[in-house]
Amino acid sequence: MSSSSRRPGPQPLPAPDSFTDLLALASEGARQADEEGVLSLAMAIAPGDPMALLPHLEGGDSFRFLWDGAPGLCIAASGRTNSLELSGPRRFELAQRFASASLNRLAGAQVACPPLARPRVLLAFGFFDAPLDTSVAAIPGVQAVLPRWQLSRHGQHCWLRLQRPLGGGVTARSLAEELWEKARQLERHSHASAASATVAVALRTPWQENYRQAAAQALELVEGGALQKLVLAVRQQLTLSAQPDPLGLLAPLRRHQGGSCRLLWQRCAGSALIGASPERLLTVRQGQLRSDALAGTAPADKRAASLLHSTKDRLEHELVVDTITAVLSRAGLNPRRPRHPRLARHGQLVHLHSPISACLGRQQPLAIAAALHPTPAVAGLPRREAMAWLRNLEPFERGHYAAPIGWIDSAGDLDLRVAIRSGTVEGRQLELTAGAGLVPGSAVDRELQEVALKLGVLQQQLNLPQPTRLAGPA
């Protein structure tokens, strides 16, 4: 159900200023809840850093989530109140149904709170509809979570939300007491800051030769006209000197990737996706959507301006822009795009960037996301054929790499980022993935250098610098 078609609900209640107010809100929410209802309570608290406070949000299980858009919206969440995991071609549609049902069934959520504090369903898609690997550890087509704890901050405003089903000893009073006590606990740590991990790289696996062979085959497909573009990725495995805290690896990315959104998706203990995405697949705010065309990469030095005049990079970029605008047009929307791309700097890399916008109308936001994913910036063209060749040429499961990660809230606003500049932490192993787009005019050596640049920059920004190259023959 879209936000525009929802029936008017009860008038918002004032936010609680005292425990008495909070208990009254909880009691009223419990009175309205049905047998399967979930009570959702929120209150404003002293501003703190969600990244630093996430370890203090014990959610009852190992699930953790971080959306770090500082200085914009930041969200830390933990625990599962309600969740969905599935694979298949209808995953976006079923995720939309799950989110709408979960958010519409919340009781007690009609408190007058700012948009940052709205209840959210958190979303992590896999790159493909379903994994080839059928083991329990495989990344499903979609994971959707209504969290138990949600801590949100924007500027100097910070809100804490608790969501739990009533019954089995859980009452309105016990939830009000739990939220009140957690708020006091977090406020005692409100001045804490996130600390960087202190680990080193013990071993790096080589990837260059495998990439060179696969890229040569991919370039034959492109030059021969079987594909217009193919974005071939590699995966490098790093063995670290000690098991890191994923949050400690993310912390330095705030300094190096200020224009990106830092991400953490921890499905289970000991395994987590981390990244800093510069690319939005889809953002929806008050019925207005935006999608980013981000393709074409150069180091952030004196060579960056040459991107605007590079025939190869402009071709690669225009393929992405044209495809996104065509997808939105086929969905019945009227997309707007700039006449020329601009340069967008993210850390030590510069990209060609074109923001594309439209009015969403009565469309479901996740239906638009399904039509957009994957864009030619991370897959290729034609899409179906490119996806098949990626399965054939890449000797690993992409998992979350280059897939949408984000959230949808109770008002229908949504934000999905493309999980590039990312890696997966499991024990002492850190797997980093990066890719480059092959189009007519590409050269294998140049694309290899671009992938090496992306991997090297990410390792440096994670405080895992490459060893110094000794002088001598190449």
# chains A, B, ... in the order shown; residues from 1 in each chain; ligands from 1
call {"tool": "closest_atom_pairs", "arguments": {"of": "stretch 204-317 of chain A", "to": "stretch 408-418 of chain A", "cutoff": "8 Å", "atoms": "only C-alpha atoms", "output": "JSON lines"}}
result
{"residue": "A:Cys261", "atom": "CA", "partner": "A:Arg417", "partner_atom": "CA", "distance": 7.9}
{"residue": "A:Ser277", "atom": "CA", "partner": "A:Val418", "partner_atom": "CA", "distance": 6.2}
{"residue": "A:Pro278", "atom": "CA", "partner": "A:Arg417", "partner_atom": "CA", "distance": 7.8}
{"residue": "A:Glu279", "atom": "CA", "partner": "A:Val418", "partner_atom": "CA", "distance": 5.6}
{"residue": "A:Arg280", "atom": "CA", "partner": "A:Arg417", "partner_atom": "CA", "distance": 4.3}
{"residue": "A:Leu281", "atom": "CA", "partner": "A:Arg417", "partner_atom": "CA", "distance": 5.4}
{"residue": "A:Leu282", "atom": "CA", "partner": "A:Leu416", "partner_atom": "CA", "distance": 5.3}
{"residue": "A:Thr283", "atom": "CA", "partner": "A:Asp415", "partner_atom": "CA", "distance": 4.4}
{"residue": "A:Val284", "atom": "CA", "partner": "A:Leu414", "partner_atom": "CA", "distance": 4.9}
{"residue": "A:Arg285", "atom": "CA", "partner": "A:Asp413", "partner_atom": "CA", "distance": 5.1}
{"residue": "A:Gln286", "atom": "CA", "partner": "A:Asp413", "partner_atom": "CA", "distance": 6.5}
{"residue": "A:Gly287", "atom": "CA", "partner": "A:Asp413", "partner_atom": "CA", "distance": 7.6}
call {"tool": "write_last_selection", "arguments": {"atoms": "N, CA and C atoms", "output": "short mmCIF file (atom, residue, chain, number, x, y, z; two decimals), in the first residue's frame"}}
result
data_model
loop_
_atom_site.label_atom_id
_atom_site.label_comp_id
_atom_site.auth_asym_id
_atom_site.auth_seq_id
_atom_site.Cartn_x
_atom_site.Cartn_y
_atom_site.Cartn_z
N CYS A 261 27.82 7.51 2.02
CA CYS A 261 27.05 6.99 3.15
C CYS A 261 27.74 5.73 3.65
N SER A 277 29.19 4.00 0.40
CA SER A 277 28.64 4.10 -0.95
C SER A 277 28.48 5.55 -1.39
N PRO A 278 29.05 5.92 -2.55
CA PRO A 278 28.83 7.25 -3.10
C PRO A 278 27.61 7.31 -4.02
N GLU A 279 26.93 6.18 -4.23
CA GLU A 279 25.92 6.08 -5.29
C GLU A 279 24.56 5.71 -4.74
N ARG A 280 23.55 6.54 -5.02
CA ARG A 280 22.19 6.20 -4.62
C ARG A 280 21.48 5.54 -5.80
N LEU A 281 20.90 4.37 -5.53
CA LEU A 281 20.04 3.77 -6.55
C LEU A 281 18.74 4.54 -6.63
N LEU A 282 18.15 4.83 -5.45
CA LEU A 282 16.86 5.50 -5.42
C LEU A 282 16.66 6.14 -4.05
N THR A 283 16.29 7.42 -4.07
CA THR A 283 15.87 8.13 -2.87
C THR A 283 14.49 8.70 -3.12
N VAL A 284 13.58 8.55 -2.17
CA VAL A 284 12.24 9.12 -2.26
C VAL A 284 12.02 9.99 -1.05
N ARG A 285 11.66 11.26 -1.27
CA ARG A 285 11.32 12.20 -0.21
C ARG A 285 10.05 12.94 -0.62
N GLN A 286 8.99 12.77 0.17
CA GLN A 286 7.73 13.47 -0.06
C GLN A 286 7.27 13.34 -1.52
N GLY A 287 7.38 12.12 -2.05
CA GLY A 287 6.87 11.86 -3.39
C GLY A 287 7.82 12.22 -4.52
#
call {"tool": "residues_around", "arguments": {"residues": "stretch 141-149 of chain A", "least_positions_apart": "6", "cutoff": "9 Å", "atoms": "only C-alpha atoms", "output": "MDAnalysis selection string"}}
result
chainID A and resid 40 57:60 63:65 76:89 91:92 95 98:99 102:103 119:131 160:164 267 399 407
call {"tool": "closest_residue", "arguments": {"among": "A:Leu151, A:Ala388, A:Ala183, A:Leu294", "to": "A:Leu73", "atoms": "only C-alpha atoms"}}
result
A:Leu151
call {"tool": "select_by_dssp", "arguments": {"residues": "stretch 12-185 of chain A", "states": "strand (DSSP E or B)", "output": "PyMOL selection string"}}
result
chain A and resi 13+38-44+64-68+74-86+106-107+111+120-125+142-154+157-165+167+170
call {"tool": "closest_residue", "arguments": {"among": "A:Ala192, A:Leu458, A:Ala216, A:Ala46", "to": "A:Glu431", "atoms": "only C-alpha atoms"}}
result
A:Leu458
call {"tool": "select_by_dssp", "arguments": {"residues": "stretch 132-361 of chain A", "states": "alpha helix (DSSP H)", "output": "count of residues only"}}
result
62
call {"tool": "residues_around", "arguments": {"residues": "A:Asp49", "least_positions_apart": "5", "cutoff": "8 Å", "atoms": "only C-alpha atoms", "output": "list in words"}}
result
Arg153, Ser190, His191, Ala192, Ser193 and Ala194 of chain A
call {"tool": "write_last_selection", "arguments": {"atoms": "C-alpha atoms", "output": "mmCIF file, in the first residue's frame"}}
result
data_model
loop_
_atom_site.group_PDB
_atom_site.id
_atom_site.type_symbol
_atom_site.label_atom_id
_atom_site.label_comp_id
_atom_site.auth_asym_id
_atom_site.auth_seq_id
_atom_site.Cartn_x
_atom_site.Cartn_y
_atom_site.Cartn_z
ATOM 1 C CA ARG A 153 20.173 11.473 14.558
ATOM 2 C CA SER A 190 26.502 10.578 24.546
ATOM 3 C CA HIS A 191 30.020 12.045 24.336
ATOM 4 C CA ALA A 192 31.616 8.789 23.140
ATOM 5 C CA SER A 193 33.193 8.730 19.690
ATOM 6 C CA ALA A 194 33.776 5.812 17.342
#
call {"tool": "closest_residue", "arguments": {"among": "A:Ser291, A:Asn463, A:Gln266, A:Ser196", "to": "A:Ala369", "atoms": "only C-alpha atoms"}}
result
A:Ser291
call {"tool": "closest_residue", "arguments": {"among": "A:Ala107, A:Val378, A:Ala293, A:Leu273", "to": "A:Pro338", "atoms": "only C-alpha atoms"}}
result
A:Ala293
